[in-house]
$ cat final26.cif   # mmCIF, N, CA and C atoms
data_my_file
#
loop_
_atom_site.label_atom_id
_atom_site.label_comp_id
_atom_site.auth_asym_id
_atom_site.auth_seq_id
_atom_site.Cartn_x
_atom_site.Cartn_y
_atom_site.Cartn_z
N ASP U 1 13.53 155.81 -221.12
CA ASP U 1 13.98 154.49 -220.77
C ASP U 1 15.00 154.58 -219.63
N LEU U 2 14.56 154.36 -218.44
CA LEU U 2 15.43 154.36 -217.28
C LEU U 2 16.15 153.04 -217.18
N LEU U 3 17.47 153.12 -216.93
CA LEU U 3 18.25 151.90 -216.80
C LEU U 3 18.32 151.44 -215.36
N ALA U 4 18.33 152.40 -214.44
CA ALA U 4 18.43 152.02 -213.04
C ALA U 4 17.72 153.06 -212.20
N PHE U 5 17.24 152.64 -211.08
CA PHE U 5 16.59 153.55 -210.16
C PHE U 5 17.10 153.23 -208.77
N MET U 6 17.53 154.31 -208.07
CA MET U 6 18.05 154.10 -206.72
C MET U 6 17.50 155.21 -205.84
N PRO U 7 16.83 154.88 -204.82
CA PRO U 7 16.30 155.92 -203.94
C PRO U 7 17.44 156.54 -203.12
N GLY U 8 17.33 157.81 -202.81
CA GLY U 8 18.35 158.47 -202.01
C GLY U 8 17.90 159.85 -201.59
N ARG U 9 18.75 160.52 -200.78
CA ARG U 9 18.46 161.88 -200.33
C ARG U 9 19.66 162.76 -200.65
N ILE U 10 19.41 163.97 -201.04
CA ILE U 10 20.47 164.95 -201.26
C ILE U 10 20.71 165.66 -199.94
N VAL U 11 21.93 165.59 -199.44
CA VAL U 11 22.24 166.15 -198.12
C VAL U 11 22.81 167.55 -198.26
N HIS U 12 23.87 167.73 -199.08
CA HIS U 12 24.52 169.03 -199.27
C HIS U 12 24.16 169.55 -200.65
N THR U 13 23.14 170.36 -200.74
CA THR U 13 22.66 170.80 -202.05
C THR U 13 23.54 171.90 -202.65
N ASN U 14 24.31 172.60 -201.86
CA ASN U 14 25.10 173.71 -202.37
C ASN U 14 26.59 173.36 -202.46
N GLU U 15 26.95 172.09 -202.30
CA GLU U 15 28.35 171.70 -202.29
C GLU U 15 28.68 170.93 -203.57
N VAL U 16 29.77 171.38 -204.26
CA VAL U 16 30.23 170.71 -205.48
C VAL U 16 31.72 170.43 -205.34
N THR U 17 32.18 169.46 -206.12
CA THR U 17 33.61 169.13 -206.16
C THR U 17 34.19 169.71 -207.43
N VAL U 18 35.28 170.50 -207.30
CA VAL U 18 35.89 171.15 -208.47
C VAL U 18 37.32 170.65 -208.63
N LEU U 19 37.76 170.64 -209.88
CA LEU U 19 39.13 170.26 -210.20
C LEU U 19 40.01 171.49 -210.09
N LEU U 20 41.00 171.43 -209.20
CA LEU U 20 41.92 172.56 -209.03
C LEU U 20 43.06 172.50 -210.04
N GLY U 21 43.38 171.32 -210.50
CA GLY U 21 44.46 171.14 -211.46
C GLY U 21 45.37 170.02 -211.00
N ASP U 22 46.00 169.35 -211.95
CA ASP U 22 46.92 168.25 -211.68
C ASP U 22 46.28 167.18 -210.81
N ASN U 23 45.03 166.89 -211.11
CA ASN U 23 44.26 165.86 -210.43
C ASN U 23 44.04 166.16 -208.94
N TRP U 24 43.95 167.43 -208.58
CA TRP U 24 43.62 167.86 -207.22
C TRP U 24 42.19 168.38 -207.23
N PHE U 25 41.38 167.92 -206.30
CA PHE U 25 39.99 168.31 -206.21
C PHE U 25 39.73 168.97 -204.86
N ALA U 26 38.69 169.81 -204.84
CA ALA U 26 38.28 170.45 -203.59
C ALA U 26 36.77 170.60 -203.59
N LYS U 27 36.21 170.55 -202.41
CA LYS U 27 34.77 170.78 -202.28
C LYS U 27 34.58 172.25 -201.95
N CYS U 28 33.62 172.87 -202.64
CA CYS U 28 33.33 174.27 -202.39
C CYS U 28 31.85 174.52 -202.70
N SER U 29 31.43 175.73 -202.40
CA SER U 29 30.03 176.08 -202.66
C SER U 29 29.83 176.34 -204.14
N ALA U 30 28.59 176.39 -204.57
CA ALA U 30 28.27 176.64 -205.98
C ALA U 30 28.74 178.03 -206.39
N LYS U 31 28.63 179.01 -205.50
CA LYS U 31 29.06 180.38 -205.80
C LYS U 31 30.57 180.42 -206.01
N GLN U 32 31.32 179.72 -205.14
CA GLN U 32 32.77 179.67 -205.30
C GLN U 32 33.15 178.95 -206.60
N ALA U 33 32.41 177.93 -206.96
CA ALA U 33 32.68 177.19 -208.20
C ALA U 33 32.46 178.08 -209.42
N VAL U 34 31.42 178.92 -209.38
CA VAL U 34 31.15 179.83 -210.49
C VAL U 34 32.29 180.84 -210.62
N SER U 35 32.78 181.38 -209.48
CA SER U 35 33.89 182.34 -209.56
C SER U 35 35.16 181.65 -210.07
N LEU U 36 35.37 180.39 -209.72
CA LEU U 36 36.52 179.64 -210.22
C LEU U 36 36.42 179.44 -211.73
N VAL U 37 35.23 179.13 -212.22
CA VAL U 37 35.02 178.97 -213.66
C VAL U 37 35.26 180.29 -214.38
N ASP U 38 34.77 181.39 -213.82
CA ASP U 38 35.00 182.70 -214.44
C ASP U 38 36.49 183.03 -214.50
N HIS U 39 37.20 182.70 -213.44
CA HIS U 39 38.65 182.94 -213.40
C HIS U 39 39.37 182.14 -214.48
N ARG U 40 38.99 180.88 -214.64
CA ARG U 40 39.59 180.04 -215.68
C ARG U 40 39.25 180.55 -217.07
N LYS U 41 38.01 180.99 -217.27
CA LYS U 41 37.61 181.51 -218.57
C LYS U 41 38.43 182.75 -218.93
N LYS U 42 38.72 183.59 -217.92
CA LYS U 42 39.50 184.80 -218.16
C LYS U 42 40.91 184.43 -218.63
N HIS U 43 41.53 183.43 -217.98
CA HIS U 43 42.88 183.02 -218.38
C HIS U 43 42.88 182.35 -219.76
N VAL U 44 41.87 181.57 -220.06
CA VAL U 44 41.78 180.93 -221.38
C VAL U 44 41.60 181.99 -222.46
N LYS U 45 40.78 183.00 -222.19
CA LYS U 45 40.57 184.07 -223.17
C LYS U 45 41.87 184.84 -223.41
N LYS U 46 42.63 185.11 -222.35
CA LYS U 46 43.91 185.80 -222.50
C LYS U 46 44.87 184.97 -223.34
N ALA U 47 44.93 183.66 -223.09
CA ALA U 47 45.81 182.78 -223.87
C ALA U 47 45.40 182.76 -225.34
N LEU U 48 44.08 182.74 -225.61
CA LEU U 48 43.61 182.77 -227.00
C LEU U 48 43.97 184.09 -227.67
N ASP U 49 43.83 185.19 -226.96
CA ASP U 49 44.19 186.50 -227.53
C ASP U 49 45.67 186.55 -227.86
N ASP U 50 46.51 186.02 -226.96
CA ASP U 50 47.95 186.00 -227.22
C ASP U 50 48.27 185.14 -228.45
N LEU U 51 47.59 184.01 -228.58
CA LEU U 51 47.82 183.16 -229.75
C LEU U 51 47.36 183.83 -231.04
N GLN U 52 46.25 184.56 -230.97
CA GLN U 52 45.78 185.28 -232.15
C GLN U 52 46.77 186.36 -232.56
N ASP U 53 47.41 187.02 -231.57
CA ASP U 53 48.44 188.02 -231.89
C ASP U 53 49.62 187.37 -232.59
N VAL U 54 50.02 186.19 -232.13
CA VAL U 54 51.13 185.48 -232.76
C VAL U 54 50.76 185.09 -234.19
N VAL U 55 49.54 184.62 -234.40
CA VAL U 55 49.09 184.25 -235.75
C VAL U 55 49.09 185.47 -236.66
N LYS U 56 48.60 186.61 -236.16
CA LYS U 56 48.61 187.83 -236.98
C LYS U 56 50.03 188.24 -237.33
N ASN U 57 50.95 188.10 -236.38
CA ASN U 57 52.34 188.45 -236.64
C ASN U 57 52.92 187.57 -237.75
N PHE U 58 52.66 186.28 -237.68
CA PHE U 58 53.15 185.37 -238.74
C PHE U 58 52.49 185.66 -240.08
N GLU U 59 51.21 185.97 -240.06
CA GLU U 59 50.52 186.29 -241.32
C GLU U 59 51.11 187.54 -241.95
N SER U 60 51.43 188.54 -241.13
CA SER U 60 52.02 189.76 -241.69
C SER U 60 53.40 189.48 -242.27
N ARG U 61 54.16 188.58 -241.64
CA ARG U 61 55.46 188.22 -242.19
C ARG U 61 55.31 187.51 -243.52
N VAL U 62 54.33 186.63 -243.62
CA VAL U 62 54.09 185.92 -244.87
C VAL U 62 53.68 186.90 -245.97
N GLU U 63 52.80 187.84 -245.63
CA GLU U 63 52.38 188.84 -246.62
C GLU U 63 53.57 189.67 -247.09
N PHE U 64 54.44 190.05 -246.15
CA PHE U 64 55.61 190.85 -246.51
C PHE U 64 56.52 190.09 -247.46
N THR U 65 56.78 188.83 -247.19
CA THR U 65 57.66 188.06 -248.07
C THR U 65 57.01 187.80 -249.42
N ASP U 66 55.68 187.60 -249.43
CA ASP U 66 54.99 187.43 -250.71
C ASP U 66 55.09 188.69 -251.56
N GLU U 67 54.87 189.85 -250.92
CA GLU U 67 54.97 191.12 -251.64
C GLU U 67 56.39 191.36 -252.14
N LEU U 68 57.37 191.03 -251.34
CA LEU U 68 58.77 191.20 -251.75
C LEU U 68 59.10 190.28 -252.92
N GLN U 69 58.59 189.07 -252.89
CA GLN U 69 58.81 188.13 -253.99
C GLN U 69 58.16 188.64 -255.27
N LYS U 70 56.92 189.15 -255.17
CA LYS U 70 56.24 189.68 -256.35
C LYS U 70 56.99 190.87 -256.93
N MET U 71 57.47 191.75 -256.05
CA MET U 71 58.21 192.93 -256.53
C MET U 71 59.49 192.53 -257.25
N SER U 72 60.20 191.57 -256.73
CA SER U 72 61.46 191.17 -257.37
C SER U 72 61.19 190.43 -258.68
N ASN U 73 60.09 189.66 -258.73
CA ASN U 73 59.77 188.96 -259.97
C ASN U 73 59.31 189.92 -261.06
N GLU U 74 58.54 190.94 -260.69
CA GLU U 74 58.03 191.89 -261.68
C GLU U 74 59.14 192.76 -262.25
N ALA U 75 60.07 193.15 -261.40
CA ALA U 75 61.13 194.06 -261.86
C ALA U 75 62.32 193.31 -262.44
N ASN U 76 62.29 191.99 -262.38
CA ASN U 76 63.42 191.17 -262.84
C ASN U 76 64.73 191.61 -262.21
N ASP U 77 64.66 192.02 -260.97
CA ASP U 77 65.84 192.46 -260.24
C ASP U 77 66.44 191.32 -259.42
N TYR U 78 65.97 190.13 -259.64
CA TYR U 78 66.42 189.02 -258.84
C TYR U 78 67.87 188.69 -259.19
N VAL U 79 68.73 188.76 -258.19
CA VAL U 79 70.14 188.49 -258.40
C VAL U 79 70.56 187.43 -257.39
N ASP U 80 71.18 186.41 -257.89
CA ASP U 80 71.69 185.36 -257.02
C ASP U 80 73.14 185.69 -256.69
N ILE U 81 73.42 185.89 -255.41
CA ILE U 81 74.77 186.26 -254.99
C ILE U 81 75.51 184.98 -254.62
N ARG U 82 76.62 184.78 -255.32
CA ARG U 82 77.43 183.59 -255.06
C ARG U 82 78.88 184.04 -254.94
N GLU U 83 79.55 183.54 -253.94
CA GLU U 83 80.96 183.83 -253.77
C GLU U 83 81.71 182.51 -253.89
N LEU U 84 82.52 182.41 -254.93
CA LEU U 84 83.28 181.21 -255.16
C LEU U 84 84.61 181.31 -254.42
N SER U 85 84.98 180.24 -253.80
CA SER U 85 86.23 180.20 -253.04
C SER U 85 87.17 179.22 -253.72
N GLU U 86 88.39 179.67 -254.02
CA GLU U 86 89.36 178.80 -254.65
C GLU U 86 90.17 178.03 -253.62
N VAL U 87 90.18 178.51 -252.41
CA VAL U 87 90.96 177.86 -251.36
C VAL U 87 90.11 176.76 -250.73
N GLU U 88 90.67 175.56 -250.69
CA GLU U 88 89.93 174.42 -250.16
C GLU U 88 89.98 174.36 -248.63
N SER U 89 91.08 174.82 -248.05
CA SER U 89 91.22 174.71 -246.60
C SER U 89 90.49 175.85 -245.90
N ILE U 90 90.11 175.59 -244.70
CA ILE U 90 89.40 176.58 -243.91
C ILE U 90 90.37 177.10 -242.85
N GLU U 91 90.47 178.40 -242.74
CA GLU U 91 91.35 178.99 -241.74
C GLU U 91 90.62 179.07 -240.42
N THR U 92 91.31 178.64 -239.38
CA THR U 92 90.72 178.70 -238.05
C THR U 92 91.66 179.42 -237.11
N LYS U 93 91.11 179.96 -236.06
CA LYS U 93 91.92 180.61 -235.05
C LYS U 93 92.45 179.55 -234.10
N GLY U 94 93.70 179.66 -233.75
CA GLY U 94 94.26 178.77 -232.74
C GLY U 94 94.59 177.40 -233.29
N LYS U 95 94.80 176.50 -232.37
CA LYS U 95 95.22 175.15 -232.68
C LYS U 95 94.00 174.26 -232.94
N GLN U 96 94.12 173.36 -233.89
CA GLN U 96 93.04 172.43 -234.19
C GLN U 96 92.99 171.37 -233.11
N ARG U 97 91.82 171.11 -232.56
CA ARG U 97 91.67 170.09 -231.53
C ARG U 97 91.44 168.73 -232.17
N THR U 98 92.03 167.70 -231.58
CA THR U 98 91.83 166.35 -232.09
C THR U 98 91.19 165.50 -231.02
N ALA U 99 90.43 164.55 -231.45
CA ALA U 99 89.75 163.66 -230.51
C ALA U 99 90.74 162.61 -230.02
N HIS U 100 90.49 162.07 -228.84
CA HIS U 100 91.33 161.02 -228.30
C HIS U 100 91.13 159.74 -229.11
N LYS U 101 92.22 159.01 -229.26
CA LYS U 101 92.12 157.73 -229.95
C LYS U 101 91.52 156.73 -228.97
N PRO U 102 90.74 155.79 -229.47
CA PRO U 102 90.17 154.81 -228.56
C PRO U 102 91.27 153.96 -227.93
N HIS U 103 91.08 153.63 -226.68
CA HIS U 103 91.99 152.80 -225.90
C HIS U 103 93.38 153.43 -225.75
N SER U 104 93.46 154.74 -225.81
CA SER U 104 94.76 155.39 -225.62
C SER U 104 94.95 155.72 -224.15
N LYS U 105 96.20 155.71 -223.72
CA LYS U 105 96.50 156.02 -222.33
C LYS U 105 96.87 157.49 -222.24
N PRO U 106 96.47 158.17 -221.17
CA PRO U 106 96.82 159.57 -221.04
C PRO U 106 98.32 159.73 -220.78
N LYS U 107 98.86 160.91 -221.13
CA LYS U 107 100.25 161.19 -220.86
C LYS U 107 100.43 161.37 -219.37
N VAL U 108 101.45 160.74 -218.84
CA VAL U 108 101.74 160.87 -217.41
C VAL U 108 103.04 161.62 -217.28
N VAL U 109 102.97 162.87 -216.82
CA VAL U 109 104.15 163.71 -216.69
C VAL U 109 104.88 163.40 -215.40
N ASP U 110 104.18 163.49 -214.31
CA ASP U 110 104.77 163.19 -213.00
C ASP U 110 104.17 161.90 -212.49
N THR U 111 105.02 160.94 -212.29
CA THR U 111 104.53 159.67 -211.78
C THR U 111 104.98 159.50 -210.35
N PHE U 112 104.22 158.80 -209.60
CA PHE U 112 104.52 158.53 -208.21
C PHE U 112 104.33 157.04 -207.99
N GLU U 113 105.39 156.38 -207.64
CA GLU U 113 105.30 154.95 -207.39
C GLU U 113 105.08 154.73 -205.91
N ALA U 114 104.06 154.03 -205.60
CA ALA U 114 103.75 153.74 -204.20
C ALA U 114 104.51 152.51 -203.77
N VAL U 115 104.99 152.55 -202.55
CA VAL U 115 105.67 151.39 -201.98
C VAL U 115 104.60 150.49 -201.41
N PRO U 116 104.64 149.22 -201.73
CA PRO U 116 103.61 148.35 -201.19
C PRO U 116 103.66 148.37 -199.66
N GLU U 117 102.48 148.31 -199.08
CA GLU U 117 102.41 148.39 -197.63
C GLU U 117 103.08 147.18 -197.00
N LEU U 118 103.88 147.46 -196.03
CA LEU U 118 104.58 146.40 -195.32
C LEU U 118 104.09 146.36 -193.89
N HIS U 119 104.07 145.19 -193.37
CA HIS U 119 103.71 145.09 -191.96
C HIS U 119 104.86 145.63 -191.14
N GLU U 120 104.55 146.38 -190.10
CA GLU U 120 105.60 147.04 -189.32
C GLU U 120 106.56 146.03 -188.71
N HIS U 121 106.06 144.89 -188.28
CA HIS U 121 106.92 143.90 -187.63
C HIS U 121 107.91 143.31 -188.63
N SER U 122 107.44 142.92 -189.78
CA SER U 122 108.32 142.30 -190.76
C SER U 122 109.28 143.32 -191.36
N ALA U 123 108.82 144.60 -191.50
CA ALA U 123 109.67 145.63 -192.09
C ALA U 123 110.84 145.93 -191.18
N LYS U 124 110.59 146.07 -189.89
CA LYS U 124 111.67 146.38 -188.97
C LYS U 124 112.60 145.18 -188.79
N ALA U 125 112.05 143.98 -188.86
CA ALA U 125 112.87 142.79 -188.72
C ALA U 125 113.84 142.65 -189.88
N LYS U 126 113.42 143.05 -191.07
CA LYS U 126 114.27 142.94 -192.25
C LYS U 126 115.12 144.19 -192.46
N GLY U 127 114.93 145.20 -191.63
CA GLY U 127 115.71 146.43 -191.77
C GLY U 127 115.13 147.40 -192.77
N GLN U 128 113.87 147.21 -193.16
CA GLN U 128 113.22 148.12 -194.11
C GLN U 128 112.44 149.17 -193.34
N ILE U 129 112.16 150.28 -194.01
CA ILE U 129 111.37 151.33 -193.37
C ILE U 129 109.90 151.13 -193.67
N SER U 130 109.06 151.64 -192.79
CA SER U 130 107.61 151.49 -192.98
C SER U 130 107.12 152.48 -194.04
N PRO U 131 105.97 152.21 -194.62
CA PRO U 131 105.44 153.13 -195.64
C PRO U 131 105.24 154.54 -195.09
N ASP U 132 104.82 154.68 -193.84
CA ASP U 132 104.63 156.02 -193.26
C ASP U 132 105.95 156.77 -193.21
N GLU U 133 107.00 156.06 -192.76
CA GLU U 133 108.32 156.70 -192.70
C GLU U 133 108.80 157.08 -194.09
N TYR U 134 108.53 156.22 -195.07
CA TYR U 134 108.93 156.51 -196.45
C TYR U 134 108.22 157.77 -196.97
N TYR U 135 106.89 157.86 -196.74
CA TYR U 135 106.13 159.02 -197.23
C TYR U 135 106.60 160.30 -196.55
N TRP U 136 106.85 160.25 -195.25
CA TRP U 136 107.32 161.45 -194.55
C TRP U 136 108.70 161.86 -195.06
N ALA U 137 109.54 160.90 -195.35
CA ALA U 137 110.86 161.21 -195.90
C ALA U 137 110.73 161.86 -197.27
N GLU U 138 109.81 161.35 -198.09
CA GLU U 138 109.59 161.94 -199.42
C GLU U 138 109.06 163.36 -199.31
N ILE U 139 108.15 163.60 -198.36
CA ILE U 139 107.60 164.95 -198.17
C ILE U 139 108.71 165.89 -197.73
N GLY U 140 109.57 165.42 -196.81
CA GLY U 140 110.68 166.25 -196.37
C GLY U 140 111.65 166.53 -197.49
N ARG U 141 111.88 165.56 -198.38
CA ARG U 141 112.79 165.75 -199.51
C ARG U 141 112.20 166.77 -200.51
N VAL U 142 110.90 166.71 -200.76
CA VAL U 142 110.26 167.63 -201.71
C VAL U 142 110.24 169.04 -201.14
N ASP U 143 110.00 169.18 -199.82
CA ASP U 143 109.95 170.50 -199.21
C ASP U 143 111.32 171.15 -199.15
N ALA U 144 112.38 170.37 -199.09
CA ALA U 144 113.74 170.93 -198.92
C ALA U 144 114.25 171.55 -200.19
#
$ encode --input "final26.cif" --output "structure tokens"
Amino acid sequence: DLLAFMPGRIVHTNEVTVLLGDNWFAKCSAKQAVSLVDHRKKHVKKALDDLQDVVKNFESRVEFTDELQKMSNEANDYVDIRELSEVESIETKGKQRTAHKPHSKPKVVDTFEAVPELHEHSAKAKGQISPDEYYWAEIGRVDA
């Protein structure tokens, strides 16, 4: 039962489009496509072998713990080790750190009050010094 029929001609009989990965495609010959498939099969086989090794490793661990459990159950050598502590507090090295309280202000050790900027004309008219002169004077005082 044919659903549709469309006449056409095949132009490039040896050209195929292959997926390179991450939605990237390339056109190549059929021979190149076969070698690409073989390369991918080799990597998939290696990944499967690695996974089988991991599974065997986990199975051997499970067998070991099962055997150990059977041995301890048969010999009734199972001992539960418990260390009771009478001291409620935990000793720590150094000082205990505390979290900041919400909406707390940080401690300000050295404060610097800025002089509001004055216009040079009004400052000199009133006999005040300009902010630049004030800052340079403060720097000179600190350096001395």
$ closest_residue --input "final26.cif" --among "U:Ala30, U:Ile81, U:Leu36, U:Leu3" --to "Val16 (chain U)" --atoms "all atoms listed in the file"
U:Ala30
$ atom_distance --input "final26.cif" --atom1 "atom N of His12 (chain U)" --atom2 "atom C of Ala26 (chain U)"
14.0 Å
$ atom_distance --input "final26.cif" --atom1 "atom C of Lys41 (chain U)" --atom2 "atom C of Leu19 (chain U)"
14.4 Å
$ select_by_dssp --input "final26.cif" --residues "region 4-36 of chain U" --states "alpha helix (DSSP H)" --output "MDAnalysis selection string"
chainID U and resid 30:36
$ atom_distance --input "final26.cif" --atom1 "CA of Gly8 (chain U)" --atom2 "atom C of Ala33 (chain U)"
25.3 Å
